[in-house]
file protein.cif (mmCIF, C-alpha atoms)
data_structure
#
loop_
_atom_site.label_atom_id
_atom_site.label_comp_id
_atom_site.auth_asym_id
_atom_site.auth_seq_id
_atom_site.Cartn_x
_atom_site.Cartn_y
_atom_site.Cartn_z
CA MET B 19 -16.98 8.31 12.80
CA SER B 20 -15.84 4.70 12.51
CA MET B 21 -12.36 3.53 11.52
CA TYR B 22 -11.78 1.25 8.54
CA THR B 23 -8.92 -0.67 6.99
CA ILE B 24 -8.66 0.98 3.58
CA ILE B 25 -6.82 -0.58 0.65
CA ALA B 26 -5.69 1.43 -2.37
CA THR B 27 -4.95 -1.08 -5.11
CA ALA B 28 -2.11 -0.37 -7.51
CA ALA B 29 -0.61 -1.67 -10.72
CA MET B 30 2.66 -3.52 -10.33
CA GLY B 31 5.51 -1.03 -9.94
CA LEU B 32 3.34 1.89 -8.83
CA GLU B 33 2.88 0.93 -5.16
CA ALA B 34 5.51 3.40 -3.90
CA LEU B 35 3.85 6.28 -5.78
CA VAL B 36 0.43 5.40 -4.38
CA ALA B 37 1.95 5.21 -0.88
CA LYS B 38 3.43 8.70 -1.30
CA GLU B 39 0.03 10.04 -2.34
CA VAL B 40 -1.64 8.39 0.68
CA ARG B 41 0.98 9.91 3.01
CA ASP B 42 0.52 13.30 1.34
CA LEU B 43 -3.15 13.05 2.32
CA GLY B 44 -1.99 12.62 5.92
CA TYR B 45 -2.36 8.87 6.46
CA GLU B 46 0.35 6.43 7.53
CA CYS B 47 0.39 3.31 5.38
CA GLN B 48 1.99 -0.03 4.64
CA VAL B 49 3.08 -1.03 1.14
CA GLU B 50 2.39 -4.55 -0.12
CA ASN B 51 2.43 -6.15 -3.56
CA GLY B 52 -0.29 -4.48 -5.60
CA LYS B 53 -1.74 -2.46 -2.75
CA VAL B 54 -1.25 0.18 -0.09
CA VAL B 55 -3.02 -0.36 3.25
CA PHE B 56 -3.99 2.39 5.71
CA GLN B 57 -6.48 3.20 8.46
CA GLY B 58 -9.04 5.96 8.15
CA ASP B 59 -12.62 7.09 8.68
CA GLU B 60 -15.36 7.92 6.18
CA THR B 61 -13.59 11.16 5.27
CA ALA B 62 -10.44 9.20 4.42
CA ILE B 63 -12.43 6.95 2.06
CA VAL B 64 -13.89 9.98 0.29
CA ARG B 65 -10.60 11.91 0.05
CA ALA B 66 -8.71 8.85 -1.21
CA ASN B 67 -11.20 8.43 -4.05
CA LEU B 68 -11.03 12.09 -5.00
CA TRP B 69 -7.26 12.60 -4.73
CA LEU B 70 -5.35 9.40 -5.53
CA ARG B 71 -3.89 9.80 -9.02
CA THR B 72 -2.05 6.50 -9.46
CA ALA B 73 -4.25 4.00 -7.54
CA ASP B 74 -6.66 1.71 -9.38
CA ARG B 75 -9.40 1.51 -6.73
CA VAL B 76 -10.13 2.22 -3.08
CA LYS B 77 -11.54 -0.74 -1.14
CA ILE B 78 -12.56 -1.46 2.45
CA LEU B 79 -11.33 -4.63 4.12
CA VAL B 80 -14.29 -6.18 6.00
CA GLY B 81 -12.24 -9.10 7.30
CA GLU B 82 -9.67 -11.76 6.49
CA PHE B 83 -9.10 -15.30 7.71
CA LYS B 84 -7.73 -18.70 6.76
CA ALA B 85 -10.23 -20.90 4.88
CA PHE B 86 -9.38 -24.45 3.83
CA THR B 87 -12.98 -25.70 3.42
CA PHE B 88 -16.23 -24.28 2.09
CA ASP B 89 -17.75 -24.65 5.57
CA GLU B 90 -14.98 -22.48 7.00
CA LEU B 91 -15.47 -19.89 4.30
CA PHE B 92 -19.22 -19.79 4.99
CA GLU B 93 -19.04 -19.59 8.79
CA LYS B 94 -16.20 -17.07 8.96
CA THR B 95 -17.81 -14.86 6.33
CA LYS B 96 -21.12 -14.99 8.21
CA ALA B 97 -19.34 -13.98 11.43
CA LEU B 98 -18.18 -10.66 9.94
CA PRO B 99 -20.16 -7.47 10.79
CA TRP B 100 -21.91 -7.04 7.43
CA GLU B 101 -24.72 -5.05 9.05
CA LYS B 102 -22.14 -2.29 9.68
CA TYR B 103 -21.83 -1.81 5.92
CA LEU B 104 -24.94 -3.13 4.15
CA PRO B 105 -28.44 -1.74 4.63
CA ILE B 106 -31.37 -4.16 4.43
CA ASP B 107 -32.06 -3.25 0.78
CA ALA B 108 -28.41 -3.32 -0.38
CA GLU B 109 -27.59 -4.73 -3.80
CA PHE B 110 -24.43 -6.77 -3.27
CA PRO B 111 -23.02 -8.80 -6.15
CA VAL B 112 -19.99 -10.92 -5.21
CA GLN B 113 -16.92 -11.31 -7.39
CA GLY B 114 -13.98 -13.55 -6.57
CA LYS B 115 -10.49 -14.72 -7.38
CA SER B 116 -8.38 -17.57 -6.05
CA VAL B 117 -4.61 -18.02 -6.26
CA LYS B 118 -2.67 -20.97 -4.83
CA SER B 119 -5.57 -21.98 -2.55
CA LYS B 120 -7.41 -25.23 -1.80
CA LEU B 121 -10.70 -23.45 -2.55
CA PHE B 122 -9.92 -22.91 -6.22
CA SER B 123 -13.46 -22.84 -7.64
CA VAL B 124 -14.17 -19.12 -7.86
CA SER B 125 -17.86 -19.57 -8.74
CA ASP B 126 -18.40 -21.77 -5.65
CA CYS B 127 -16.57 -19.28 -3.41
CA GLN B 128 -18.72 -16.45 -4.73
CA ALA B 129 -21.93 -18.38 -4.14
CA ILE B 130 -20.92 -19.37 -0.59
CA VAL B 131 -19.91 -15.83 0.37
CA LYS B 132 -23.17 -14.50 -1.06
CA LYS B 133 -25.22 -17.03 0.92
CA ALA B 134 -23.29 -16.27 4.13
CA ILE B 135 -23.88 -12.53 3.80
CA VAL B 136 -27.58 -13.09 3.09
CA GLU B 137 -27.88 -15.18 6.24
CA LYS B 138 -26.08 -12.55 8.33
CA ILE B 139 -28.16 -9.67 6.95
CA LYS B 140 -31.41 -11.54 7.58
CA LYS B 141 -30.38 -12.29 11.15
CA SER B 142 -29.11 -8.78 11.88
CA TYR B 143 -32.26 -7.09 10.53
CA ARG B 144 -34.60 -9.84 11.76
CA HIS B 145 -35.79 -10.34 8.22
CA GLU B 146 -37.26 -13.69 7.22
CA THR B 147 -38.23 -13.28 3.57
CA TRP B 148 -36.22 -12.81 0.37
CA LEU B 149 -33.89 -9.78 0.21
CA ASP B 150 -35.06 -7.41 -2.50
CA GLU B 151 -31.61 -5.90 -3.24
CA ASN B 152 -33.15 -2.78 -4.78
CA GLY B 153 -31.09 -0.27 -2.81
CA PRO B 154 -27.54 1.15 -3.05
CA LEU B 155 -24.83 -0.95 -4.72
CA PHE B 156 -22.02 -2.61 -2.72
CA LYS B 157 -19.56 -4.53 -4.88
CA ILE B 158 -18.12 -7.31 -2.72
CA GLU B 159 -14.96 -9.24 -3.49
CA VAL B 160 -13.69 -12.51 -2.03
CA ALA B 161 -9.97 -12.85 -2.72
CA LEU B 162 -8.20 -16.08 -1.79
CA LEU B 163 -4.40 -16.14 -1.72
CA LYS B 164 -2.56 -19.14 -0.26
CA ASP B 165 -5.74 -20.17 1.63
CA LYS B 166 -6.19 -16.72 3.18
CA ALA B 167 -9.55 -15.18 2.35
CA SER B 168 -9.97 -11.40 2.21
CA LEU B 169 -13.49 -9.92 2.06
CA LEU B 170 -13.56 -6.45 0.54
CA ILE B 171 -16.02 -3.80 -0.59
CA ASP B 172 -15.16 -1.54 -3.53
CA THR B 173 -15.82 2.13 -2.72
CA SER B 174 -14.90 3.53 -6.14
CA GLY B 175 -17.27 1.95 -8.64
CA ALA B 176 -15.64 2.58 -12.01
CA GLY B 177 -11.85 2.34 -11.79
CA LEU B 178 -10.08 5.50 -10.64
CA HIS B 179 -8.41 5.83 -14.06
CA LYS B 180 -11.82 6.87 -15.39
CA ARG B 181 -11.49 10.56 -14.61
CA GLY B 182 -14.50 11.62 -16.66
CA TYR B 183 -12.73 13.71 -19.30
CA ARG B 184 -12.00 11.10 -21.96
CA VAL B 185 -14.64 11.49 -24.66
CA ALA B 186 -12.60 9.62 -27.29
CA GLN B 187 -9.44 7.55 -27.52
CA GLY B 188 -7.10 5.81 -29.95
CA GLU B 189 -6.31 2.14 -30.48
CA ALA B 190 -3.99 1.65 -27.48
CA PRO B 191 -4.83 4.32 -24.90
CA LEU B 192 -2.55 4.82 -21.92
CA LYS B 193 -4.39 4.52 -18.61
CA GLU B 194 -4.74 7.84 -16.84
CA THR B 195 -3.25 6.36 -13.65
CA LEU B 196 -0.07 5.29 -15.48
CA ALA B 197 0.10 8.62 -17.32
CA SER B 198 -0.03 10.43 -13.98
CA ALA B 199 2.69 8.13 -12.65
CA LEU B 200 4.95 8.99 -15.59
CA VAL B 201 4.51 12.71 -14.93
CA GLN B 202 5.25 12.27 -11.22
CA LEU B 203 8.31 10.10 -11.89
CA SER B 204 9.69 12.86 -14.15
CA ARG B 205 9.65 15.25 -11.16
CA TRP B 206 8.29 17.94 -13.43
CA THR B 207 7.19 21.15 -11.74
CA PRO B 208 4.61 23.52 -13.23
CA ASP B 209 7.15 26.32 -13.76
CA ARG B 210 8.95 24.23 -16.41
CA PRO B 211 7.97 23.47 -20.03
CA PHE B 212 6.37 20.05 -20.55
CA VAL B 213 6.16 18.17 -23.85
CA ASP B 214 4.58 14.87 -24.89
CA PRO B 215 5.70 14.22 -28.49
CA PHE B 216 3.45 11.12 -28.85
CA CYS B 217 0.31 12.56 -27.28
CA GLY B 218 -2.23 10.06 -28.67
CA SER B 219 -5.50 11.06 -26.99
CA GLY B 220 -3.74 13.63 -24.81
CA THR B 221 -3.70 11.67 -21.56
CA ILE B 222 -0.15 12.47 -20.37
CA ALA B 223 -0.51 16.17 -21.14
CA ILE B 224 -3.90 16.38 -19.39
CA GLU B 225 -2.61 14.52 -16.32
CA ALA B 226 0.33 16.96 -16.21
CA ALA B 227 -2.11 19.87 -16.24
CA LEU B 228 -4.14 18.32 -13.39
CA ILE B 229 -0.93 17.94 -11.36
CA GLY B 230 0.33 21.38 -12.35
CA GLN B 231 -2.81 23.12 -11.07
CA ASN B 232 -3.24 20.69 -8.13
CA ILE B 233 -6.68 19.61 -9.35
CA ALA B 234 -7.96 16.38 -7.80
CA PRO B 235 -8.29 13.67 -10.49
CA GLY B 236 -11.75 12.68 -9.18
CA PHE B 237 -13.20 16.20 -9.38
CA ASN B 238 -15.25 15.44 -12.49
CA ARG B 239 -16.84 12.06 -11.69
CA ASP B 240 -19.09 10.10 -9.34
CA PHE B 241 -18.28 7.20 -7.01
CA VAL B 242 -20.41 4.23 -6.00
CA SER B 243 -19.98 5.01 -2.28
CA GLU B 244 -21.76 8.35 -2.74
CA THR B 245 -25.00 6.35 -2.55
CA TRP B 246 -24.14 4.64 0.74
CA PRO B 247 -26.22 5.76 3.74
CA TRP B 248 -23.34 5.63 6.23
CA ILE B 249 -21.16 8.09 4.31
CA LYS B 250 -23.08 11.31 4.78
CA LYS B 251 -23.57 13.70 1.88
CA SER B 252 -22.00 16.42 4.02
CA ILE B 253 -18.69 14.48 4.01
CA TRP B 254 -18.65 14.40 0.22
CA ASP B 255 -19.64 18.07 0.07
CA GLN B 256 -16.86 19.06 2.46
CA ALA B 257 -14.28 16.99 0.57
CA ARG B 258 -15.28 18.60 -2.72
CA ILE B 259 -14.99 22.05 -1.12
CA GLU B 260 -11.44 21.07 -0.14
CA VAL B 261 -10.78 20.06 -3.77
CA GLU B 262 -11.90 23.50 -4.95
CA ASP B 263 -9.97 25.34 -2.25
CA LEU B 264 -6.70 23.54 -3.00
CA ALA B 265 -6.90 23.85 -6.79
CA ASN B 266 -4.59 26.50 -8.24
CA TYR B 267 -6.47 27.55 -11.35
CA ASP B 268 -4.25 30.61 -11.79
CA GLN B 269 -1.08 28.55 -12.21
CA GLU B 270 0.29 29.22 -15.69
CA LEU B 271 1.36 26.13 -17.61
CA ASP B 272 3.51 25.53 -20.67
CA ILE B 273 2.32 22.12 -21.89
CA ILE B 274 2.53 20.89 -25.48
CA GLY B 275 1.30 17.63 -26.96
CA SER B 276 2.05 16.56 -30.51
CA ASP B 277 1.31 13.52 -32.66
CA ILE B 278 1.96 12.45 -36.22
CA ASP B 279 -1.76 11.61 -36.63
CA HIS B 280 -4.00 14.67 -37.07
CA ARG B 281 -7.02 12.62 -35.92
CA MET B 282 -5.37 11.98 -32.55
CA VAL B 283 -4.58 15.68 -32.23
CA GLU B 284 -8.28 16.46 -32.63
CA ILE B 285 -9.21 13.79 -30.06
CA SER B 286 -6.65 15.30 -27.66
CA LYS B 287 -8.22 18.71 -28.07
CA GLN B 288 -11.68 17.28 -27.33
CA ASN B 289 -10.44 15.53 -24.18
CA ALA B 290 -8.57 18.63 -23.00
CA PHE B 291 -11.71 20.71 -23.51
CA GLU B 292 -13.73 18.23 -21.43
CA ALA B 293 -11.09 18.42 -18.68
CA GLY B 294 -11.20 22.22 -18.69
CA PHE B 295 -7.76 22.74 -20.26
CA ALA B 296 -8.69 23.82 -23.79
CA ASP B 297 -6.76 27.10 -23.44
CA LEU B 298 -3.92 25.72 -21.30
CA ILE B 299 -2.56 22.83 -23.41
CA THR B 300 -1.33 23.26 -26.98
CA PHE B 301 -1.82 20.29 -29.29
CA LYS B 302 -0.36 20.14 -32.79
CA GLN B 303 0.37 17.66 -35.56
CA MET B 304 4.10 16.99 -35.82
CA GLN B 305 6.60 14.19 -36.31
CA VAL B 306 9.03 13.73 -33.44
CA LYS B 307 12.00 14.21 -35.78
CA ASP B 308 10.82 17.79 -36.39
CA PHE B 309 10.81 18.78 -32.71
CA THR B 310 12.87 21.87 -31.94
CA THR B 311 12.76 24.40 -29.11
CA ASN B 312 14.67 27.36 -27.72
CA LYS B 313 13.27 26.78 -24.22
CA GLU B 314 15.46 25.42 -21.45
CA TYR B 315 15.06 23.03 -18.49
CA GLY B 316 11.94 21.43 -19.91
CA VAL B 317 10.67 17.89 -19.45
CA ILE B 318 9.68 15.43 -22.18
CA VAL B 319 7.51 12.45 -21.26
CA GLY B 320 6.57 10.12 -24.10
CA ASN B 321 4.83 6.80 -24.69
CA PRO B 322 5.79 6.08 -28.32
CA PRO B 323 4.70 3.05 -30.36
CA TYR B 324 6.56 -0.09 -29.22
CA GLY B 325 6.60 -2.07 -32.46
CA GLU B 326 4.76 -5.00 -30.83
CA ARG B 327 3.57 -6.12 -34.25
CA LEU B 328 6.47 -7.50 -36.27
CA GLY B 329 5.68 -5.45 -39.36
CA ASP B 330 5.86 -2.20 -37.37
CA ARG B 331 9.29 -2.92 -35.89
CA PRO B 332 11.49 -1.34 -38.64
CA LEU B 333 9.43 1.86 -38.61
CA VAL B 334 9.62 2.08 -34.82
CA GLU B 335 13.37 1.54 -34.80
CA LYS B 336 13.77 4.31 -37.40
CA MET B 337 11.55 6.63 -35.38
CA TYR B 338 13.55 6.00 -32.17
CA LYS B 339 16.76 6.86 -34.06
CA GLU B 340 15.21 10.09 -35.36
CA MET B 341 13.98 10.91 -31.86
CA GLY B 342 17.48 10.53 -30.45
CA GLU B 343 18.85 12.87 -33.10
CA ALA B 344 16.10 15.45 -32.52
CA PHE B 345 16.63 15.43 -28.74
CA SER B 346 20.45 15.34 -28.82
CA SER B 347 20.76 19.11 -28.55
CA LEU B 348 18.38 19.45 -25.58
CA ASN B 349 21.22 19.71 -23.07
CA THR B 350 19.14 21.18 -20.23
CA TRP B 351 16.06 19.00 -20.72
CA SER B 352 15.05 15.83 -18.88
CA ILE B 353 13.61 13.08 -21.07
CA TYR B 354 11.46 10.09 -20.05
CA ILE B 355 10.43 7.48 -22.62
CA LEU B 356 8.27 4.42 -21.91
CA THR B 357 8.74 1.48 -24.26
CA SER B 358 8.86 -2.32 -24.33
CA LEU B 359 11.65 -2.38 -26.93
CA GLU B 360 14.67 -3.74 -25.08
CA GLU B 361 17.13 -2.26 -27.58
CA PHE B 362 15.72 1.24 -27.18
CA GLU B 363 19.01 2.80 -26.00
CA GLU B 364 20.82 1.34 -29.01
CA PHE B 365 18.46 3.00 -31.49
CA TYR B 366 18.07 6.20 -29.46
CA GLY B 367 21.86 6.52 -29.40
CA LYS B 368 22.39 7.14 -25.70
CA ASN B 369 22.29 5.13 -22.49
CA ALA B 370 19.66 6.16 -19.94
CA THR B 371 20.59 7.66 -16.59
CA LYS B 372 18.21 5.17 -15.01
CA LYS B 373 15.60 2.58 -16.04
CA ARG B 374 12.43 1.69 -14.15
CA LYS B 375 10.31 -1.39 -14.85
CA LEU B 376 6.61 -0.65 -15.29
CA PHE B 377 3.63 -2.44 -16.78
CA ASN B 378 1.48 -0.79 -19.43
CA GLY B 379 -1.53 -3.05 -19.06
CA PHE B 380 -0.05 -6.53 -19.49
CA ILE B 381 2.97 -5.29 -21.45
CA ARG B 382 6.24 -5.19 -19.53
CA THR B 383 7.95 -1.90 -20.29
CA ASP B 384 10.89 0.19 -19.12
CA LEU B 385 10.83 3.90 -18.38
CA TYR B 386 14.10 5.21 -19.81
CA GLN B 387 15.11 8.26 -17.81
CA TYR B 388 17.58 10.85 -19.09
CA TRP B 389 18.16 13.36 -16.33
CA GLY B 390 19.02 16.92 -17.25
CA PRO B 391 20.58 19.49 -14.90
CA ARG B 392 18.44 21.10 -12.24
CA PRO B 393 17.01 24.48 -13.22
CA PRO B 394 18.86 27.38 -11.58
CA ARG B 395 17.14 28.82 -8.55
CA LYS B 396 15.27 31.99 -9.27
CA LYS B 397 16.87 35.00 -7.63
CA GLU B 398 14.73 36.46 -4.90
CA SER B 399 13.68 40.04 -5.35
CA THR B 400 15.79 42.54 -3.41
CA VAL B 401 13.09 45.19 -3.55
CA LYS B 402 11.95 46.04 -0.05
CA PRO B 403 8.25 46.40 0.69
#
call {"tool": "encode", "arguments": {"input": "protein.cif", "output": "structure tokens"}}
result
Amino acid sequence: MSMYTIIATAAMGLEALVAKEVRDLGYECQVENGKVVFQGDETAIVRANLWLRTADRVKILVGEFKAFTFDELFEKTKALPWEKYLPIDAEFPVQGKSVKSKLFSVSDCQAIVKKAIVEKIKKSYRHETWLDENGPLFKIEVALLKDKASLLIDTSGAGLHKRGYRVAQGEAPLKETLASALVQLSRWTPDRPFVDPFCGSGTIAIEAALIGQNIAPGFNRDFVSETWPWIKKSIWDQARIEVEDLANYDQELDIIGSDIDHRMVEISKQNAFEAGFADLITFKQMQVKDFTTNKEYGVIVGNPPYGERLGDRPLVEKMYKEMGEAFSSLNTWSIYILTSLEEFEEFYGKNATKKRKLFNGFIRTDLYQYWGPRPPRKKESTVKP
């Protein structure tokens, strides 16, 4: 097998989580703004796509170089080993972006990179006529940052947040990757109760169930690189066998999602059914102010309305106050609330143990963390075998 420079892209603030996931897969990595970089073979590409819960995409770095002129961009792109990646019939659209670079015209950069790759493919395959591009898809990206060009190929296809279980959603759905990040940041373990009191379309609860049973987030979808001739089908088959072997379908879970809107509760149930958790997650219609429980050492993770629209603000402030009152007696519980409202603690009635800046799409938010005590260790059985 060959070795590749693999890049797992990440939303701002989630890089450290993605890096932990990459290391958990067994690969050393470097963390940079918006991405985690590591070395790996074809198996690493496949496993990263199947297992990374908080990454946006998995890309291969073909090459990078300084480019101050279009001629430089053309010649240095053409010098890269495109024949290693693209078959003669490859379909290879080129997308681009440019930040703080002399070559600021993205459309021109895309056209030049496309032409350079065409020339290299023709030369490598000794092909003189037009390229048909009727074969497997390779999405190529030229990214210019401070005059440094990076040439990448996307191995994922649809973004990794598209798990394949969402059949319906509400007005402002939380990305599955961010939902998974919230669960992981809560340090919830599957032996503890888990509650999302603002479940919307059920994303946080479903991501918790995937984590709780160690089910790979990519188990239910396809990836563009499955069509590539140099990643053998046997590699995908073996990786999916690993996914099945490591899943713990017998792990019991206590996960509840609730929402004030009965329509969202029904959507949550549909999505949970599609994900295979219809009997494992309980969804019900309920206002957060009515939440009560006799359970201990549970975890609440919620993404409530933020009151972004001015008219909604008074209702949101009232709801945050009611939430604080409802949760005030949960002395053993840990509570994690994501919101963009800077005065959240004031309305909730309690200062957070810790805050963490995250971005929900383009909205800057804070994850307000209220840490409860650690659950007591379970006493080991003294019965001898």
call {"tool": "residues_around", "arguments": {"input": "protein.cif", "residues": "region 300-305 of chain B", "least_positions_apart": "3", "cutoff": "12 Å", "atoms": "only C-alpha atoms", "output": "number ranges by chain"}}
result
B: 211-224, 227, 271-291, 295-297, 308-310, 322, 337-338, 340-341, 344
call {"tool": "axis_aligned_box", "arguments": {"input": "protein.cif", "around": "region 354-361 of chain B", "padding_each_side": "4 Å", "output": "AutoDock Vina command-line options"}}
result
--center_x 12.7 --center_y 3.2 --center_z -23.8 --size_x 16.9 --size_y 21.8 --size_z 15.5
call {"tool": "atom_distance", "arguments": {"input": "protein.cif", "atom1": "CA of His179 (chain B)", "atom2": "CA of Thr195 (chain B)"}}
result
5.2 Å
call {"tool": "resolve_selection", "arguments": {"input": "protein.cif", "expression": "the PyMOL selection byres ((chain B and resi 321) around 7)", "output": "PDB file with C-alpha atoms, in the coordinates of the input"}}
result
ATOM      1  CA  PHE B 216       3.450  11.120 -28.850  1.00  0.00           C
ATOM      2  CA  GLY B 320       6.570  10.120 -24.100  1.00  0.00           C
ATOM      3  CA  PRO B 322       5.790   6.080 -28.320  1.00  0.00           C
ATOM      4  CA  PRO B 323       4.700   3.050 -30.360  1.00  0.00           C
ATOM      5  CA  ILE B 355      10.430   7.480 -22.620  1.00  0.00           C
ATOM      6  CA  LEU B 356       8.270   4.420 -21.910  1.00  0.00           C
ATOM      7  CA  THR B 357       8.740   1.480 -24.260  1.00  0.00           C
TER       8      THR B 357
END
call {"tool": "resolve_selection", "arguments": {"input": "protein.cif", "expression": "the PyMOL selection byres ((chain B and resi 152) around 8)", "output": "PDB file with C-alpha atoms, in the frame of the given file"}}
result
ATOM      1  CA  ASP B 107     -32.060  -3.250   0.780  1.00  0.00           C
ATOM      2  CA  ALA B 108     -28.410  -3.320  -0.380  1.00  0.00           C
ATOM      3  CA  GLU B 109     -27.590  -4.730  -3.800  1.00  0.00           C
ATOM      4  CA  ASP B 150     -35.060  -7.410  -2.500  1.00  0.00           C
ATOM      5  CA  GLU B 151     -31.610  -5.900  -3.240  1.00  0.00           C
ATOM      6  CA  GLY B 153     -31.090  -0.270  -2.810  1.00  0.00           C
ATOM      7  CA  PRO B 154     -27.540   1.150  -3.050  1.00  0.00           C
TER       8      PRO B 154
END
call {"tool": "atom_distance", "arguments": {"input": "protein.cif", "atom1": "CA of Ala186 (chain B)", "atom2": "CA of Glu292 (chain B)"}}
result
10.5 Å
call {"tool": "residues_around", "arguments": {"input": "protein.cif", "residues": "Ala34 (chain B)", "least_positions_apart": "4", "cutoff": "12 Å", "atoms": "all atoms listed in the file", "output": "PDB file with C-alpha atoms, keeping the file's coordinate frame"}}
result
ATOM      1  CA  ALA B  26      -5.690   1.430  -2.370  1.00  0.00           C
ATOM      2  CA  THR B  27      -4.950  -1.080  -5.110  1.00  0.00           C
ATOM      3  CA  ALA B  28      -2.110  -0.370  -7.510  1.00  0.00           C
ATOM      4  CA  ALA B  29      -0.610  -1.670 -10.720  1.00  0.00           C
ATOM      5  CA  MET B  30       2.660  -3.520 -10.330  1.00  0.00           C
ATOM      6  CA  LYS B  38       3.430   8.700  -1.300  1.00  0.00           C
ATOM      7  CA  GLU B  39       0.030  10.040  -2.340  1.00  0.00           C
ATOM      8  CA  VAL B  40      -1.640   8.390   0.680  1.00  0.00           C
ATOM      9  CA  ARG B  41       0.980   9.910   3.010  1.00  0.00           C
ATOM     10  CA  CYS B  47       0.390   3.310   5.380  1.00  0.00           C
ATOM     11  CA  GLN B  48       1.990  -0.030   4.640  1.00  0.00           C
ATOM     12  CA  VAL B  49       3.080  -1.030   1.140  1.00  0.00           C
ATOM     13  CA  GLU B  50       2.390  -4.550  -0.120  1.00  0.00           C
ATOM     14  CA  ASN B  51       2.430  -6.150  -3.560  1.00  0.00           C
ATOM     15  CA  GLY B  52      -0.290  -4.480  -5.600  1.00  0.00           C
ATOM     16  CA  LYS B  53      -1.740  -2.460  -2.750  1.00  0.00           C
ATOM     17  CA  VAL B  54      -1.250   0.180  -0.090  1.00  0.00           C
ATOM     18  CA  VAL B  55      -3.020  -0.360   3.250  1.00  0.00           C
ATOM     19  CA  THR B  72      -2.050   6.500  -9.460  1.00  0.00           C
ATOM     20  CA  ALA B  73      -4.250   4.000  -7.540  1.00  0.00           C
ATOM     21  CA  ALA B 199       2.690   8.130 -12.650  1.00  0.00           C
ATOM     22  CA  GLN B 202       5.250  12.270 -11.220  1.00  0.00           C
ATOM     23  CA  LEU B 203       8.310  10.100 -11.890  1.00  0.00           C
TER      24      LEU B 203
END
call {"tool": "decode", "arguments": {"input": "protein.cif", "residues": "region 181-185 of chain B", "atoms": "all heavy atoms", "output": "short mmCIF file (atom, residue, chain, number, x, y, z; two decimals), in the first residue's frame"}}
result
data_model
loop_
_atom_site.label_atom_id
_atom_site.label_comp_id
_atom_site.auth_asym_id
_atom_site.auth_seq_id
_atom_site.Cartn_x
_atom_site.Cartn_y
_atom_site.Cartn_z
N ARG B 181 -24.89 11.47 8.07
CA ARG B 181 -24.75 10.08 8.52
C ARG B 181 -25.64 9.11 7.74
O ARG B 181 -25.35 7.93 7.66
CB ARG B 181 -25.11 9.94 10.00
CG ARG B 181 -24.54 11.01 10.94
CD ARG B 181 -23.06 10.84 11.14
NE ARG B 181 -22.63 11.40 12.42
CZ ARG B 181 -21.49 12.02 12.64
NH1 ARG B 181 -20.64 12.19 11.64
NH2 ARG B 181 -21.17 12.48 13.84
N GLY B 182 -26.77 9.63 7.24
CA GLY B 182 -27.68 8.76 6.51
C GLY B 182 -28.94 8.42 7.27
O GLY B 182 -29.81 7.73 6.74
N TYR B 183 -29.08 8.93 8.51
CA TYR B 183 -30.29 8.61 9.27
C TYR B 183 -31.31 9.74 9.31
O TYR B 183 -32.44 9.54 9.74
CB TYR B 183 -29.94 8.19 10.71
CG TYR B 183 -29.25 9.24 11.57
CD1 TYR B 183 -29.94 10.36 12.03
CD2 TYR B 183 -27.92 9.09 11.94
CE1 TYR B 183 -29.32 11.31 12.82
CE2 TYR B 183 -27.29 10.03 12.74
CZ TYR B 183 -27.99 11.14 13.18
OH TYR B 183 -27.37 12.08 13.98
N ARG B 184 -30.92 10.93 8.88
CA ARG B 184 -31.84 12.07 9.01
C ARG B 184 -32.84 12.07 7.85
O ARG B 184 -32.50 12.40 6.73
CB ARG B 184 -31.06 13.38 9.04
CG ARG B 184 -31.89 14.56 9.56
CD ARG B 184 -31.24 15.89 9.20
NE ARG B 184 -30.06 16.19 9.98
CZ ARG B 184 -30.06 16.87 11.12
NH1 ARG B 184 -31.20 17.25 11.65
NH2 ARG B 184 -28.92 17.14 11.74
N VAL B 185 -34.07 11.69 8.13
CA VAL B 185 -35.10 11.69 7.09
C VAL B 185 -35.89 13.00 7.10
O VAL B 185 -36.55 13.34 6.13
CB VAL B 185 -36.07 10.49 7.26
CG1 VAL B 185 -35.34 9.19 6.97
CG2 VAL B 185 -36.70 10.46 8.65
#
